[in-house]
$ cat my_file_18.cif   # mmCIF, C-alpha atoms
data_query
#
loop_
_atom_site.label_atom_id
_atom_site.label_comp_id
_atom_site.auth_asym_id
_atom_site.auth_seq_id
_atom_site.Cartn_x
_atom_site.Cartn_y
_atom_site.Cartn_z
CA MET A 1104 95.41 29.54 35.86
CA PRO A 1105 96.86 28.69 32.34
CA GLY A 1106 97.42 32.42 31.73
CA LEU A 1107 99.21 32.81 35.07
CA LEU A 1108 101.41 29.78 34.41
CA GLY A 1109 102.26 31.13 30.96
CA ARG A 1110 103.33 34.46 32.42
CA ILE A 1111 105.47 32.76 35.07
CA GLU A 1112 107.09 30.57 32.40
CA GLY A 1113 107.82 33.65 30.28
CA MET A 1114 109.36 35.48 33.27
CA LEU A 1115 111.62 32.52 34.04
CA GLU A 1116 112.63 32.21 30.39
CA ARG A 1117 113.55 35.89 30.17
CA ALA A 1118 115.43 35.75 33.48
CA VAL A 1119 117.50 32.72 32.47
CA GLU A 1120 118.20 33.92 28.92
CA GLY A 1121 118.89 37.47 29.99
CA GLY A 1122 121.27 36.34 32.74
CA SER A 1123 123.22 34.02 30.45
CA ARG A 1124 123.57 36.75 27.84
CA ALA A 1125 124.84 39.24 30.41
CA ILE A 1126 127.42 36.78 31.79
CA PHE A 1127 128.67 34.88 28.74
CA ARG A 1128 128.01 37.16 25.72
CA GLN A 1129 129.90 40.26 24.67
CA ARG A 1130 127.08 41.25 22.30
CA LEU A 1131 123.66 40.07 21.17
CA GLN A 1132 123.70 37.57 18.31
CA PRO A 1133 121.30 38.05 15.33
CA ILE A 1134 119.94 34.51 15.73
CA GLU A 1135 118.81 35.40 19.27
CA LEU A 1136 116.66 38.21 17.88
CA ALA A 1137 115.22 35.93 15.16
CA LYS A 1138 114.38 33.11 17.58
CA ALA A 1139 112.80 35.50 20.07
CA CYS A 1140 110.50 36.75 17.28
CA ALA A 1141 109.67 33.15 16.29
CA ARG A 1142 108.69 32.33 19.88
CA ALA A 1143 106.50 35.44 19.97
CA MET A 1144 104.86 34.35 16.70
CA GLU A 1145 104.04 30.92 18.16
CA ARG A 1146 102.66 32.39 21.38
CA GLY A 1147 100.42 34.81 19.49
CA GLN A 1148 98.78 32.32 17.10
CA TRP A 1149 95.04 31.73 16.96
CA VAL A 1150 92.57 29.78 14.83
CA GLY A 1151 91.18 31.98 12.05
CA PRO A 1152 88.93 31.34 9.04
CA ASP A 1153 91.95 30.47 6.87
CA GLY A 1154 93.81 28.25 9.32
CA ILE A 1155 96.21 28.93 12.17
CA GLU A 1156 96.87 32.67 11.97
CA ALA A 1157 99.87 34.34 13.57
CA PRO A 1158 101.20 37.84 14.27
CA ASN A 1159 102.96 39.55 11.39
CA GLN A 1160 104.34 42.73 12.98
CA PHE A 1161 107.34 42.47 15.33
CA THR A 1162 109.06 45.22 17.30
CA ILE A 1163 112.38 44.19 18.89
CA LEU A 1164 113.27 46.39 21.87
CA LEU A 1165 116.94 46.56 22.86
CA ASN A 1166 118.92 48.61 25.31
CA PRO A 1167 119.93 51.82 23.45
CA ALA A 1168 123.62 50.85 23.65
CA ASP A 1169 122.89 47.47 22.02
CA ALA A 1170 120.65 49.16 19.43
CA ASP A 1171 123.49 51.52 18.53
CA GLU A 1172 125.81 48.54 17.94
CA ILE A 1173 123.57 47.07 15.23
CA ARG A 1174 122.64 50.42 13.64
CA PRO A 1175 125.19 50.10 10.79
CA TYR A 1176 123.55 46.87 9.55
CA GLN A 1177 120.04 47.26 10.97
CA THR A 1178 118.24 47.29 7.61
CA THR A 1179 119.92 44.06 6.49
CA LEU A 1180 119.32 42.42 9.87
CA GLU A 1181 115.60 43.30 9.84
CA ALA A 1182 115.25 41.90 6.30
CA ARG A 1183 116.94 38.63 7.27
CA ILE A 1184 114.76 38.22 10.34
CA LYS A 1185 111.70 38.68 8.10
CA ARG A 1186 112.89 35.86 5.83
CA TYR A 1187 113.56 33.67 8.88
CA LEU A 1188 110.03 34.28 10.17
CA ARG A 1189 108.41 33.59 6.78
CA GLU A 1190 110.21 30.25 6.56
CA PHE A 1191 109.38 29.50 10.20
CA ALA A 1192 105.67 30.16 9.56
CA ASP A 1193 105.69 28.15 6.31
CA GLU A 1194 107.25 25.09 7.98
CA ARG A 1195 104.61 25.14 10.73
CA SER A 1196 101.64 25.95 8.45
CA LEU A 1197 101.09 29.26 10.23
CA VAL A 1198 99.39 32.03 8.26
CA PRO A 1199 100.67 35.52 9.16
CA LEU A 1200 97.81 38.02 8.97
CA ALA A 1201 99.65 40.04 6.29
CA ALA A 1202 103.20 40.72 5.11
CA ILE A 1203 105.70 40.32 7.93
CA ALA A 1204 107.33 43.50 9.25
CA VAL A 1205 110.27 43.71 11.68
CA ARG A 1206 111.61 46.83 13.41
CA VAL A 1207 114.45 47.18 15.93
CA GLU A 1208 114.20 50.03 18.45
CA GLY A 1209 116.11 51.22 21.50
CA ASP A 1210 114.35 51.25 24.89
CA PRO A 1211 116.11 52.34 28.08
CA ARG A 1212 113.83 50.05 30.11
CA VAL A 1213 115.55 46.99 28.57
CA ARG A 1214 118.76 46.03 30.35
CA ARG A 1215 122.05 45.65 28.50
CA ARG A 1216 122.28 42.45 26.42
CA GLY A 1217 118.59 41.83 27.03
CA LEU A 1218 115.74 42.06 24.53
CA ARG A 1219 111.96 42.21 24.41
CA VAL A 1220 109.71 41.40 21.45
CA ILE A 1221 106.27 42.92 20.91
CA ALA A 1222 104.24 40.87 18.39
CA ALA A 1223 101.04 42.22 16.88
CA MET A 1224 98.62 41.54 14.04
CA SER A 1225 98.32 44.33 11.50
CA ASP A 1226 96.83 44.32 7.99
CA THR A 1227 98.39 47.64 7.02
CA SER A 1228 99.53 47.47 3.40
CA PRO A 1229 102.99 48.71 2.33
CA PRO A 1230 103.12 52.20 0.77
CA ALA A 1231 102.30 52.46 -2.93
CA GLY A 1232 105.34 51.85 -5.08
CA SER A 1233 107.25 50.06 -2.34
CA THR A 1234 109.43 47.06 -3.18
CA LEU A 1235 110.32 43.87 -1.38
CA PRO A 1236 114.14 44.03 -1.09
CA ASP A 1237 114.19 41.25 1.47
CA ALA A 1238 112.43 38.68 -0.72
CA PRO A 1239 114.67 35.83 -1.85
CA PRO A 1240 115.44 35.76 -5.58
CA THR A 1241 113.16 33.71 -7.82
CA ARG A 1242 114.03 31.99 -11.04
CA PRO A 1243 112.97 33.66 -14.30
CA VAL A 1244 109.38 33.11 -15.36
CA GLN A 1245 108.74 31.90 -18.87
CA PRO A 1246 105.91 33.66 -20.73
CA ILE A 1247 102.55 31.96 -20.30
CA ALA A 1248 101.80 32.15 -24.00
CA PRO A 1249 102.17 34.63 -26.85
CA THR A 1250 99.91 37.55 -26.18
CA ALA A 1251 98.25 37.20 -29.57
CA HIS A 1252 96.93 33.75 -28.64
CA LEU A 1253 95.06 34.97 -25.56
CA PRO A 1254 91.45 36.21 -25.73
CA ARG A 1255 91.28 39.94 -25.25
CA ALA A 1256 89.87 40.74 -21.80
CA GLN A 1257 87.08 43.31 -21.74
CA ARG A 1258 86.21 45.30 -18.65
CA SER A 1259 82.56 45.35 -17.65
CA GLU A 1260 80.67 48.57 -18.35
CA ALA A 1261 78.80 48.20 -15.07
CA SER A 1262 79.11 50.82 -12.36
CA PRO A 1263 82.19 50.58 -10.05
CA GLY A 1264 80.10 49.20 -7.22
CA ALA A 1265 78.55 46.39 -9.25
CA PRO A 1266 79.80 42.81 -8.80
CA ALA A 1267 82.20 41.51 -11.43
CA GLY A 1268 81.21 38.70 -13.79
CA PRO A 1269 82.66 35.17 -13.58
CA LEU A 1270 86.44 35.06 -13.80
CA LEU A 1271 88.89 32.51 -15.14
CA LEU A 1272 92.51 32.01 -14.10
CA LEU A 1273 94.95 31.10 -16.87
CA LEU A 1274 97.89 29.47 -15.08
CA GLU A 1275 101.52 29.34 -16.15
CA ASP A 1276 101.34 25.52 -16.25
CA GLY A 1277 98.61 25.70 -18.92
CA ARG A 1278 95.55 25.05 -16.75
CA ASN A 1279 92.38 27.14 -16.93
CA VAL A 1280 90.64 27.41 -13.56
CA ARG A 1281 87.24 28.99 -12.98
CA LEU A 1282 86.82 30.91 -9.71
CA VAL A 1283 84.08 29.09 -7.81
CA GLY A 1284 82.92 29.98 -4.30
CA ASN A 1285 83.36 33.02 -2.09
CA VAL A 1286 86.94 32.20 -1.03
CA VAL A 1287 89.58 30.42 -3.12
CA ARG A 1288 92.82 29.71 -1.24
CA ILE A 1289 95.93 29.11 -3.35
CA GLY A 1290 99.22 27.43 -2.43
CA ARG A 1291 101.40 24.31 -2.51
CA ALA A 1292 99.66 22.50 0.37
CA PRO A 1293 97.24 19.80 -0.80
CA ASP A 1294 94.33 21.19 1.25
CA ASN A 1295 94.20 24.44 -0.76
CA ASP A 1296 91.31 25.08 -3.13
CA LEU A 1297 93.82 25.62 -5.94
CA VAL A 1298 97.07 23.65 -5.57
CA LEU A 1299 100.18 24.94 -7.37
CA SER A 1300 103.04 22.44 -7.28
CA ASP A 1301 105.80 24.99 -7.73
CA SER A 1302 108.66 25.62 -5.30
CA ARG A 1303 108.29 29.40 -5.66
CA VAL A 1304 104.77 29.24 -4.24
CA SER A 1305 104.28 29.07 -0.45
CA ARG A 1306 102.19 26.36 1.18
CA TYR A 1307 99.44 28.90 1.83
CA HIS A 1308 100.35 31.71 -0.53
CA ALA A 1309 97.26 33.84 -1.21
CA GLN A 1310 93.49 33.79 -1.41
CA ILE A 1311 90.96 35.31 -3.77
CA VAL A 1312 87.75 36.49 -2.10
CA MET A 1313 84.53 37.29 -3.95
CA ASP A 1314 82.19 39.83 -2.36
CA GLN A 1315 79.46 42.20 -3.52
CA LEU A 1316 82.05 44.67 -4.82
CA GLY A 1317 83.89 42.05 -6.84
CA PRO A 1318 86.98 39.86 -6.40
CA HIS A 1319 90.08 40.83 -4.45
CA ILE A 1320 93.34 39.05 -3.66
CA ARG A 1321 95.07 38.87 -0.26
CA ASP A 1322 98.62 37.65 0.27
CA LEU A 1323 98.83 35.21 3.24
CA GLY A 1324 102.33 36.14 4.36
CA SER A 1325 104.00 34.25 1.51
CA THR A 1326 107.77 33.87 1.24
CA ASN A 1327 108.21 35.28 -2.28
CA GLY A 1328 105.30 37.71 -2.26
CA THR A 1329 102.36 38.48 -4.57
CA LEU A 1330 102.54 40.92 -7.47
CA LEU A 1331 99.65 42.61 -9.28
CA ALA A 1332 100.65 44.16 -12.60
CA GLY A 1333 104.27 44.01 -11.45
CA ARG A 1334 103.84 45.72 -8.08
CA PRO A 1335 103.85 43.99 -4.68
CA VAL A 1336 100.47 43.84 -2.95
CA VAL A 1337 99.11 42.59 0.34
CA HIS A 1338 95.44 43.18 -0.44
CA ASP A 1339 93.95 44.64 -3.62
CA ARG A 1340 91.05 44.39 -6.07
CA ILE A 1341 91.42 42.33 -9.24
CA ALA A 1342 89.43 42.14 -12.48
CA ALA A 1343 89.55 40.56 -15.92
CA GLY A 1344 92.77 41.57 -17.61
CA CYS A 1345 94.91 41.56 -14.45
CA GLN A 1346 98.31 39.85 -14.43
CA LEU A 1347 99.31 38.20 -11.13
CA SER A 1348 102.57 36.67 -9.96
CA LEU A 1349 102.52 34.29 -6.99
CA GLY A 1350 106.18 34.14 -5.99
CA GLY A 1351 107.07 34.25 -9.70
CA PHE A 1352 104.36 31.80 -10.85
CA GLY A 1353 102.37 33.60 -13.55
CA VAL A 1354 98.57 33.85 -13.40
CA GLN A 1355 96.39 35.83 -15.80
CA VAL A 1356 92.85 36.79 -14.83
CA LEU A 1357 90.33 36.56 -17.71
CA ALA A 1358 86.59 36.78 -18.18
CA ASP A 1359 85.05 33.28 -17.91
CA VAL A 1360 83.64 32.38 -21.30
CA GLY A 1361 84.28 28.63 -21.60
CA THR A 1362 85.09 25.34 -19.93
CA THR A 1363 87.84 24.87 -17.38
CA ASP A 1364 90.00 22.19 -15.92
CA ARG A 1365 91.76 21.64 -12.60
#
$ encode --input "my_file_18.cif" --output "structure tokens"
Amino acid sequence: MPGLLGRIEGMLERAVEGGSRAIFRQRLQPIELAKACARAMERGQWVGPDGIEAPNQFTILLNPADADEIRPYQTTLEARIKRYLREFADERSLVPLAAIAVRVEGDPRVRRRGLRVIAAMSDTSPPAGSTLPDAPPTRPVQPIAPTAHLPRAQRSEASPGAPAGPLLLLLEDGRNVRLVGNVVRIGRAPDNDLVLSDSRVSRYHAQIVMDQLGPHIRDLGSTNGTLLAGRPVVHDRIAAGCQLSLGGFGVQVLADVGTTDR
């Protein structure tokens, strides 16, 4: 019964919104597309191991004539809708499965001035070498410390499949944090395992997972993104010697050879 009621409510919502657009609007407004995606994100959420997870891939279907109207600025529009959705998720403590992607397509089955959003969860990583042109600018990052003052990180001589040794995070704010446990979630929210009180960092920014093959980092749909050695990543392996950037907040990964502090 709840599923039936939800479908009826969605049909009524589309009928009312679609009718008002057809009567009162000369063209679709960008905010309508953004809010339709946000509603689809809320409807598609579920409880996952890292909190309330939400769809991260959105396909906006428009009538081909409407799609042609936005074609000249489609790339910019898609990028702005992505930023809108990242902020929407951050405000509601939703965790998109991976980096948010938005695509606008024409579909003759959609009536003029109408729209339909298909929301899905996908952990597909961006192509190697891709950039994040839609990410909001971040303020310059000061060097963590002179390179000469840092202990030289040595890679383990173990086979590629062997687990990595204990790791230590050297944070931009001067803290040294040992990675303890199988999952370490990082962000501004106070219920994270590692709390970073920096405006560039999202409430639930990323997590480091330890498994039998070693540690790896996964971005949790953050606003300003996660960089590994200067390149944007959604999910990748890390090891001693890696340099991370969480929205511009510098983190160096070292071998754990001493005491730590939180």
$ resolve_selection --input "my_file_18.cif" --expression "the PyMOL selection byres ((chain A and resi 1189) around 8)" --output "list in words"
Lys1185, Arg1186, Tyr1187, Leu1188, Glu1190, Phe1191, Ala1192, Asp1193, Ile1203, Gly1324, Ser1325 and Thr1326 of chain A
$ atom_distance --input "my_file_18.cif" --atom1 "CA of Pro1175 (chain A)" --atom2 "CA of Gln1160 (chain A)"
22.2 Å
$ closest_residue --input "my_file_18.cif" --among "A:Val1286, A:Ala1358, A:Val1336, A:Leu1218" --to "Leu1273 (chain A)" --atoms "all atoms listed in the file"
A:Ala1358
$ atom_distance --input "my_file_18.cif" --atom1 "CA of Pro1211 (chain A)" --atom2 "CA of Pro1167 (chain A)"
6.0 Å
$ atom_distance --input "my_file_18.cif" --atom1 "CA of Val1150 (chain A)" --atom2 "CA of Ile1289 (chain A)"
18.5 Å
$ residues_around --input "my_file_18.cif" --residues "region 1153-1159 of chain A" --least-positions-apart "2" --cutoff "6 Å" --atoms "only C-alpha atoms" --output "PyMOL selection string"
chain A and resi 1144+1147-1151+1197-1200+1203+1222-1224
$ write_last_selection --input "my_file_18.cif" --atoms "C-alpha atoms" --output "PDB file, in the coordinates of the input"
ATOM      1  CA  MET A1144     104.860  34.350  16.700  1.00  0.00           C
ATOM      2  CA  GLY A1147     100.420  34.810  19.490  1.00  0.00           C
ATOM      3  CA  GLN A1148      98.780  32.320  17.100  1.00  0.00           C
ATOM      4  CA  TRP A1149      95.040  31.730  16.960  1.00  0.00           C
ATOM      5  CA  VAL A1150      92.570  29.780  14.830  1.00  0.00           C
ATOM      6  CA  GLY A1151      91.180  31.980  12.050  1.00  0.00           C
ATOM      7  CA  LEU A1197     101.090  29.260  10.230  1.00  0.00           C
ATOM      8  CA  VAL A1198      99.390  32.030   8.260  1.00  0.00           C
ATOM      9  CA  PRO A1199     100.670  35.520   9.160  1.00  0.00           C
ATOM     10  CA  LEU A1200      97.810  38.020   8.970  1.00  0.00           C
ATOM     11  CA  ILE A1203     105.700  40.320   7.930  1.00  0.00           C
ATOM     12  CA  ALA A1222     104.240  40.870  18.390  1.00  0.00           C
ATOM     13  CA  ALA A1223     101.040  42.220  16.880  1.00  0.00           C
ATOM     14  CA  MET A1224      98.620  41.540  14.040  1.00  0.00           C
TER      15      MET A1224
END
$ residues_around --input "my_file_18.cif" --residues "Pro1318 (chain A)" --least-positions-apart "6" --cutoff "7 Å" --atoms "only C-alpha atoms" --output "list in words"
Ile1311, Val1312, Arg1340, Ile1341 and Ala1342 of chain A
$ residues_around --input "my_file_18.cif" --residues "Leu1323 (chain A)" --least-positions-apart "3" --cutoff "6 Å" --atoms "all atoms listed in the file" --output "number ranges by chain"
A: 1198, 1201, 1308-1309
$ residues_around --input "my_file_18.cif" --residues "Asp1314 (chain A)" --least-positions-apart "3" --cutoff "9 Å" --atoms "only C-alpha atoms" --output "short mmCIF file (atom, residue, chain, number, x, y, z; two decimals) with C-alpha atoms, in the frame of the given file"
data_model
loop_
_atom_site.label_atom_id
_atom_site.label_comp_id
_atom_site.auth_asym_id
_atom_site.auth_seq_id
_atom_site.Cartn_x
_atom_site.Cartn_y
_atom_site.Cartn_z
CA PRO A 1266 79.80 42.81 -8.80
CA ASN A 1285 83.36 33.02 -2.09
CA GLY A 1317 83.89 42.05 -6.84
CA PRO A 1318 86.98 39.86 -6.40
CA HIS A 1319 90.08 40.83 -4.45
#
$ resolve_selection --input "my_file_18.cif" --expression "the PyMOL selection byres ((chain A and resi 1180-1182) around 9)" --output "MDAnalysis selection string"
chainID A and resid 1133 1173 1176:1179 1183:1187 1204:1207 1236:1238
$ resolve_selection --input "my_file_18.cif" --expression "the PyMOL selection byres ((chain A and resi 1330) around 9)" --output "VMD selection string"
chain A and resid 1328 to 1329 1331 to 1337 1346 to 1351
$ closest_residue --input "my_file_18.cif" --among "A:Arg1281, A:Gly1353, A:Ala1141, A:Gln1315" --to "Arg1303 (chain A)" --atoms "all atoms listed in the file"
A:Gly1353
$ residues_around --input "my_file_18.cif" --residues "Leu1270 (chain A)" --least-positions-apart "3" --cutoff "7 Å" --atoms "all atoms listed in the file" --output "ChimeraX atom specification"
/A:1281-1282,1343,1356-1359
$ closest_residue --input "my_file_18.cif" --among "A:Val1354, A:Val1220, A:Ala1202, A:Leu1131" --to "Phe1161 (chain A)" --atoms "only C-alpha atoms"
A:Val1220
$ closest_residue --input "my_file_18.cif" --among "A:Cys1140, A:Glu1275, A:Asn1166, A:Arg1288" --to "Pro1152 (chain A)" --atoms "all atoms listed in the file"
A:Arg1288
$ axis_aligned_box --input "my_file_18.cif" --around "region 1287-1301 of chain A" --padding-each-side "5 Å" --output "lines of an AutoDock Vina configuration file"
center_x = 97.7
center_y = 25.1
center_z = -3.2
size_x = 26.2
size_y = 20.6
size_z = 19.0
